[in-house]
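This is model-v9.pdb (PDB, C-alpha atoms).
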MODEL        1
ATOM      1  CA  MET A  12       0.000   0.000   0.000
ATOM      2  CA  ASN A  13       1.541   3.267  -1.128
ATOM      3  CA  TYR A  14       0.623   6.508   0.619
ATOM      4  CA  PRO A  15       2.223   9.733   1.896
ATOM      5  CA  THR A  16       4.689   8.754   4.608
ATOM      6  CA  PHE A  17       3.689  11.642   6.871
ATOM      7  CA  PHE A  18       0.474   9.738   7.658
ATOM      8  CA  ASP A  19       2.598   7.511   9.913
ATOM      9  CA  THR A  20       3.921  10.481  11.913
ATOM     10  CA  ILE A  21       0.522  11.846  13.000
ATOM     11  CA  GLU A  22      -0.346  11.379  16.656
ATOM     12  CA  THR A  23      -2.920   8.655  17.215
ATOM     13  CA  ILE A  24      -6.098   8.983  19.285
ATOM     14  CA  LYS A  25      -6.186   6.536  22.206
ATOM     15  CA  LEU A  26      -9.588   5.269  23.302
ATOM     16  CA  GLN A  27     -11.208   3.103  25.955
ATOM     17  CA  ASP A  28     -14.294   1.392  24.534
ATOM     18  CA  PRO A  29     -16.482  -0.421  27.089
ATOM     19  CA  LEU A  30     -18.693  -1.875  24.346
ATOM     20  CA  ALA A  31     -15.713  -3.324  22.480
ATOM     21  CA  GLN A  32     -14.481  -4.834  25.743
ATOM     22  CA  THR A  33     -17.887  -6.289  26.640
ATOM     23  CA  LEU A  34     -18.286  -7.883  23.221
ATOM     24  CA  GLY A  35     -14.734  -9.213  23.182
ATOM     25  CA  ALA A  36     -13.446  -7.175  20.239
ATOM     26  CA  PHE A  37     -10.608  -5.793  22.374
ATOM     27  CA  TYR A  38     -10.164  -7.673  25.628
ATOM     28  CA  ASP A  39      -9.166  -4.612  27.628
ATOM     29  CA  GLY A  40     -11.288  -2.229  25.555
ATOM     30  CA  ILE A  41      -8.271  -0.115  24.660
ATOM     31  CA  TYR A  42      -7.238   0.722  21.118
ATOM     32  CA  GLU A  43      -5.983   3.563  18.953
ATOM     33  CA  ILE A  44      -7.422   5.264  15.907
ATOM     34  CA  THR A  45      -4.943   6.637  13.404
ATOM     35  CA  TYR A  46      -5.228   9.250  10.710
ATOM     36  CA  MET A  47      -4.798   6.416   8.241
ATOM     37  CA  ASP A  48      -7.919   4.787   9.716
ATOM     38  CA  VAL A  49     -10.073   7.821   9.000
ATOM     39  CA  VAL A  50      -8.506   8.281   5.551
ATOM     40  CA  LYS A  51      -9.538   4.728   4.695
ATOM     41  CA  SER A  52     -13.023   5.356   6.043
ATOM     42  CA  ALA A  53     -13.428   8.664   4.183
ATOM     43  CA  GLY A  54     -11.725   7.396   1.055
ATOM     44  CA  HIS A  55      -9.455  10.422   0.838
ATOM     45  CA  SER A  56      -7.206  12.821   2.741
ATOM     46  CA  CYS A  57      -8.031  16.514   2.591
ATOM     47  CA  PRO A  58      -8.126  19.622   4.818
ATOM     48  CA  THR A  59     -11.704  18.764   5.837
ATOM     49  CA  VAL A  60     -10.842  15.241   6.990
ATOM     50  CA  THR A  61      -7.725  16.637   8.649
ATOM     51  CA  GLY A  62      -9.771  19.260  10.456
ATOM     52  CA  ALA A  63     -12.282  16.723  11.711
ATOM     53  CA  TYR A  64      -9.466  14.532  13.045
ATOM     54  CA  LEU A  65      -7.679  17.458  14.712
ATOM     55  CA  MET A  66     -10.879  18.884  16.213
ATOM     56  CA  THR A  67     -11.839  15.555  17.727
ATOM     57  CA  GLN A  68      -8.342  14.882  18.994
ATOM     58  CA  ALA A  69      -8.095  18.305  20.640
ATOM     59  CA  ALA A  70     -11.558  18.074  22.200
ATOM     60  CA  LEU A  71     -10.961  14.614  23.662
ATOM     61  CA  LYS A  72      -7.621  15.692  25.114
ATOM     62  CA  GLU A  73      -9.302  18.622  26.860
ATOM     63  CA  LEU A  74     -12.272  16.607  28.094
ATOM     64  CA  PHE A  75     -10.333  13.589  29.354
ATOM     65  CA  LEU A  76      -6.963  15.219  30.097
ATOM     66  CA  HIS A  77      -4.421  12.455  30.713
ATOM     67  CA  ASP A  78      -6.891   9.561  30.525
ATOM     68  CA  ASN A  79      -7.977   7.680  27.433
ATOM     69  CA  ALA A  80     -11.190   9.063  26.011
ATOM     70  CA  ILE A  81     -14.203   6.825  26.632
ATOM     71  CA  ARG A  82     -15.756   6.026  23.267
ATOM     72  CA  GLY A  83     -19.536   6.286  23.199
ATOM     73  CA  THR A  84     -19.742   8.848  26.016
ATOM     74  CA  VAL A  85     -19.317  12.093  24.092
ATOM     75  CA  LYS A  86     -22.104  14.137  22.541
ATOM     76  CA  VAL A  87     -21.193  16.224  19.477
ATOM     77  CA  GLU A  88     -23.061  19.236  18.105
ATOM     78  CA  PHE A  89     -22.617  21.087  14.813
ATOM     79  CA  LYS A  90     -24.065  24.462  13.883
ATOM     80  CA  GLU A  91     -24.584  23.383  10.255
ATOM     81  CA  ASP A  92     -27.275  21.138   8.875
ATOM     82  CA  LEU A  93     -26.119  17.605   8.065
ATOM     83  CA  GLU A  94     -26.447  18.262   4.339
ATOM     84  CA  GLU A  95     -24.788  21.682   4.408
ATOM     85  CA  GLY A  96     -21.308  22.051   2.914
ATOM     86  CA  VAL A  97     -18.847  19.529   4.319
ATOM     87  CA  ALA A  98     -20.745  18.948   7.583
ATOM     88  CA  GLY A  99     -21.488  15.355   6.634
ATOM     89  CA  VAL A 100     -17.840  14.580   5.863
ATOM     90  CA  ILE A 101     -16.754  16.043   9.198
ATOM     91  CA  ALA A 102     -19.518  14.228  11.054
ATOM     92  CA  ASN A 103     -18.511  10.876   9.568
ATOM     93  CA  VAL A 104     -14.925  11.295  10.782
ATOM     94  CA  VAL A 105     -16.043  12.435  14.231
ATOM     95  CA  SER A 106     -18.448   9.503  14.424
ATOM     96  CA  HIS A 107     -15.715   7.078  13.398
ATOM     97  CA  ILE A 108     -13.585   8.246  16.318
ATOM     98  CA  THR A 109     -16.128   8.945  19.073
ATOM     99  CA  GLY A 110     -18.879   6.488  18.142
ATOM    100  CA  ALA A 111     -21.449   9.303  18.305
ATOM    101  CA  THR A 112     -24.255   9.184  15.712
ATOM    102  CA  ASP A 113     -27.568  10.949  15.244
ATOM    103  CA  LYS A 114     -30.159   8.194  14.796
ATOM    104  CA  SER A 115     -28.353   5.434  12.949
ATOM    105  CA  GLY A 116     -26.022   4.238  15.685
ATOM    106  CA  PHE A 117     -26.045   1.291  18.045
ATOM    107  CA  LYS A 118     -29.160   1.201  20.251
ATOM    108  CA  GLY A 119     -27.379  -0.337  23.222
ATOM    109  CA  LEU A 120     -27.585  -3.432  25.407
ATOM    110  CA  ASN A 121     -30.196  -3.276  28.151
ATOM    111  CA  GLY A 122     -29.872   0.498  28.346
ATOM    112  CA  LYS A 123     -26.068   0.593  28.168
ATOM    113  CA  PHE A 124     -23.569   1.432  25.421
ATOM    114  CA  ALA A 125     -26.047   3.310  23.187
ATOM    115  CA  ARG A 126     -24.332   5.378  20.472
ATOM    116  CA  HIS A 127     -27.366   6.900  18.764
ATOM    117  CA  SER A 128     -28.693  10.390  19.570
ATOM    118  CA  LEU A 129     -25.208  11.581  20.517
ATOM    119  CA  MET A 130     -24.799  13.781  17.441
ATOM    120  CA  ASN A 131     -26.919  16.824  16.635
ATOM    121  CA  PHE A 132     -26.985  19.395  13.849
ATOM    122  CA  ASN A 133     -28.387  22.938  13.539
ATOM    123  CA  ALA A 134     -27.134  23.635  17.063
ATOM    124  CA  ASP A 135     -27.119  27.150  18.493
ATOM    125  CA  ILE A 136     -23.334  27.421  18.708
ATOM    126  CA  SER A 137     -20.748  29.714  17.133
ATOM    127  CA  SER A 138     -17.888  27.210  16.959
ATOM    128  CA  SER A 139     -17.103  24.514  14.393
ATOM    129  CA  ALA A 140     -18.304  21.874  16.861
ATOM    130  CA  ARG A 141     -19.140  21.375  20.517
ATOM    131  CA  PHE A 142     -18.102  18.206  22.357
ATOM    132  CA  THR A 143     -19.764  17.284  25.671
ATOM    133  CA  ARG A 144     -19.112  14.449  28.091
ATOM    134  CA  VAL A 145     -22.453  12.875  28.918
ATOM    135  CA  ASP A 146     -21.279  11.676  32.347
ATOM    136  CA  ASN A 147     -20.336  15.058  33.817
ATOM    137  CA  GLY A 148     -21.678  17.614  31.333
ATOM    138  CA  GLN A 149     -18.269  19.147  30.654
ATOM    139  CA  SER A 150     -18.184  20.823  27.223
ATOM    140  CA  VAL A 151     -15.628  22.357  24.911
ATOM    141  CA  ASP A 152     -16.097  24.353  21.739
ATOM    142  CA  VAL A 153     -13.601  23.709  18.959
ATOM    143  CA  ILE A 154     -12.851  26.112  16.118
ATOM    144  CA  TYR A 155     -11.005  24.938  13.014
ATOM    145  CA  ASP A 156      -9.649  27.505  10.565
ATOM    146  CA  PRO A 157      -6.977  26.344   8.085
ATOM    147  CA  SER A 158      -7.038  29.565   6.041
ATOM    148  CA  SER A 159      -3.572  30.564   7.252
ATOM    149  CA  ILE A 160      -2.093  27.469   5.585
ATOM    150  CA  ASN A 161      -2.096  28.458   1.947
ATOM    151  CA  ALA A 162      -2.290  26.042  -0.948
ATOM    152  CA  ASP A 163       0.588  25.971  -3.415
ATOM    153  CA  GLN A 164       0.072  28.495  -6.230
ATOM    154  CA  ASN A 165       0.304  25.728  -8.833
ATOM    155  CA  MET A 166      -2.674  23.803  -7.472
ATOM    156  CA  MET A 167      -5.429  25.877  -9.070
ATOM    157  CA  PRO A 168      -4.016  25.769 -12.618
ATOM    158  CA  LEU A 169      -3.474  22.036 -12.255
ATOM    159  CA  MET A 170      -7.009  21.531 -10.964
ATOM    160  CA  GLN A 171      -8.427  23.472 -13.896
ATOM    161  CA  LYS A 172      -6.514  21.254 -16.315
ATOM    162  CA  MET A 173      -7.753  18.159 -14.511
ATOM    163  CA  MET A 174     -11.374  19.312 -14.554
ATOM    164  CA  SER A 175     -11.157  19.909 -18.289
ATOM    165  CA  ALA A 176      -9.505  16.504 -18.853
ATOM    166  CA  GLN A 177      -6.344  18.169 -20.192
ATOM    167  CA  ALA A 178      -3.921  17.203 -17.442
ATOM    168  CA  SER A 179      -1.181  14.681 -18.103
ATOM    169  CA  PRO A 180      -0.576  11.745 -15.734
ATOM    170  CA  GLU A 181       2.464  13.610 -14.408
ATOM    171  CA  GLU A 182       0.387  16.719 -13.725
ATOM    172  CA  ILE A 183      -2.294  14.687 -11.958
ATOM    173  CA  LYS A 184       0.383  13.151  -9.746
ATOM    174  CA  GLU A 185       1.864  16.574  -9.054
ATOM    175  CA  PHE A 186      -1.567  17.877  -8.037
ATOM    176  CA  GLY A 187      -1.994  15.029  -5.562
ATOM    177  CA  SER A 188       1.434  15.691  -4.077
ATOM    178  CA  LEU A 189       0.695  19.383  -3.651
ATOM    179  CA  TRP A 190      -2.710  18.594  -2.157
ATOM    180  CA  GLN A 191      -1.196  16.292   0.452
ATOM    181  CA  ASP A 192       1.589  18.780   1.128
ATOM    182  CA  ARG A 193      -1.033  21.239   2.368
ATOM    183  CA  VAL A 194      -2.590  18.539   4.539
ATOM    184  CA  LYS A 195       0.849  17.846   5.996
ATOM    185  CA  ARG A 196       1.419  21.529   6.723
ATOM    186  CA  ILE A 197      -1.955  21.798   8.442
ATOM    187  CA  PHE A 198      -0.952  18.977  10.791
ATOM    188  CA  GLU A 199       2.424  20.615  11.371
ATOM    189  CA  ASN A 200       0.682  23.863  12.321
ATOM    190  CA  SER A 201      -2.189  22.393  14.310
ATOM    191  CA  GLU A 202      -1.746  24.984  17.073
ATOM    192  CA  LYS A 203      -2.556  27.707  14.530
ATOM    193  CA  VAL A 204      -5.618  26.107  12.983
ATOM    194  CA  ILE A 205      -7.291  24.638  16.087
ATOM    195  CA  LYS A 206      -8.692  26.566  19.038
ATOM    196  CA  VAL A 207     -10.365  24.868  22.019
ATOM    197  CA  VAL A 208     -12.556  26.844  24.399
ATOM    198  CA  ALA A 209     -13.936  25.321  27.606
ATOM    199  CA  ILE A 210     -17.610  26.112  28.197
TER     200      ILE A 210
ENDMDL
END
Write-out of the structure in structure tokens:
Amino acid sequence: MNYPTFFDTIETIKLQDPLAQTLGAFYDGIYEITYMDVVKSAGHSCPTVTGAYLMTQAALKELFLHDNAIRGTVKVEFKEDLEEGVAGVIANVVSHITGATDKSGFKGLNGKFARHSLMNFNADISSSARFTRVDNGQSVDVIYDPSSINADQNMMPLMQKMMSAQASPEEIKEFGSLWQDRVKRIFENSEKVIKVVAI
């Protein structure tokens, strides 16, 4: 499997999953989700997928501090509608990591481990997303703004050639490299693009 090597350098998200432990998927319930995992799930790597990963990672660190985040115990709210812009793409990544879903998720076992109804849209918030622990009500707002990480100036001309089916195989490859270079730089400058505010 060939992919950009910087994927392997991105900090993983460590989780404790009581449902996975109960059902024997991971005997101690502990596992890690990598950026590669969400890239496979999304089918691509882009600033939106990157932002969703970074937002979730930052929120879970703030909510659980030095402990592993407990999967299935975090509610997530978005100000956008599910079908607006890239909200659905972001939500899918967040769901992959936290287990939170709107109505389609796991209904639980005898009242425990439910994952549905933990994700809401059209929320009255001003941030990119709000994450809340359901056990203690602690919330954080997360703002993601990658606008300070500029794309390479050659990307737009290359994209135009691609969209008009005039790009050569070499130019298509160059576009992909430049695209992933911006993703890499967003990760390298995560402190500039992510802001976490405790509620």
Selection result for the PyMOL selection byres ((chain A and resi 18) around 10) on this file, as a list in words: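 For this structure, the PyMOL selection byres ((chain A and resi 18) around 10) resolves to Tyr14, Pro15, Thr16, Phe17, Asp19, Thr20, Ile21, Glu22, Thr45, Tyr46, Met47, Asp48, Val50, Ser56, Gln191, Val194, Lys195 and Phe198 of chain A.
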Nearest to Thr23 (chain A), chosen from A:Glu43, A:Asp78, A:Glu185, A:Asp92, with all atoms listed in the file counted in the distances: A:Glu43
On this structure, the PyMOL selection byres ((chain A and resi 147-157) around 8) would catch which residues? List them as a PyMOL selection string, sorted by chain and number. chain A and resi 58+62+66+69-70+73-74+138-146+158-160+197+203-210
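Atom pair CA of His107 (chain A) / CA of Ile44 (chain A): separated by 8.9 Å.
In terms of minimum interatomic distance to Val49 (chain A), A:Asn103 ranks closest within A:Trp190, A:Asn103, A:Ser201, A:Gln32, counting all atoms listed in the file.
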Selected by the PyMOL selection byres ((chain A and resi 105) around 12) in the shown coordinates: which residues, as an NGL selection string? :A and (24 or 44 or 46 or 49 or 52-53 or 59-71 or 82-83 or 85-89 or 98-104 or 106-113 or 129-131 or 140-142)
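Proximity to Leu26 (chain A) at 6 Å, evaluated using all atoms listed in the file and with sequence-adjacent residues fewer than 2 positions away removed, yields A:Ile41, A:Tyr42, A:Glu43, A:Asn79, A:Ala80, A:Ile81.
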Just give me the gap between CA of Glu94 (chain A) and CA of Ala162 (chain A) in Å, one decimal is fine.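 About the pair CA of Glu94 (chain A) and CA of Ala162 (chain A): they are 25.9 Å apart.
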Straight-line distance linking CA of Asp163 (chain A) with CA of Asn13 (chain A), stated in Å to one decimal: 22.8 Å
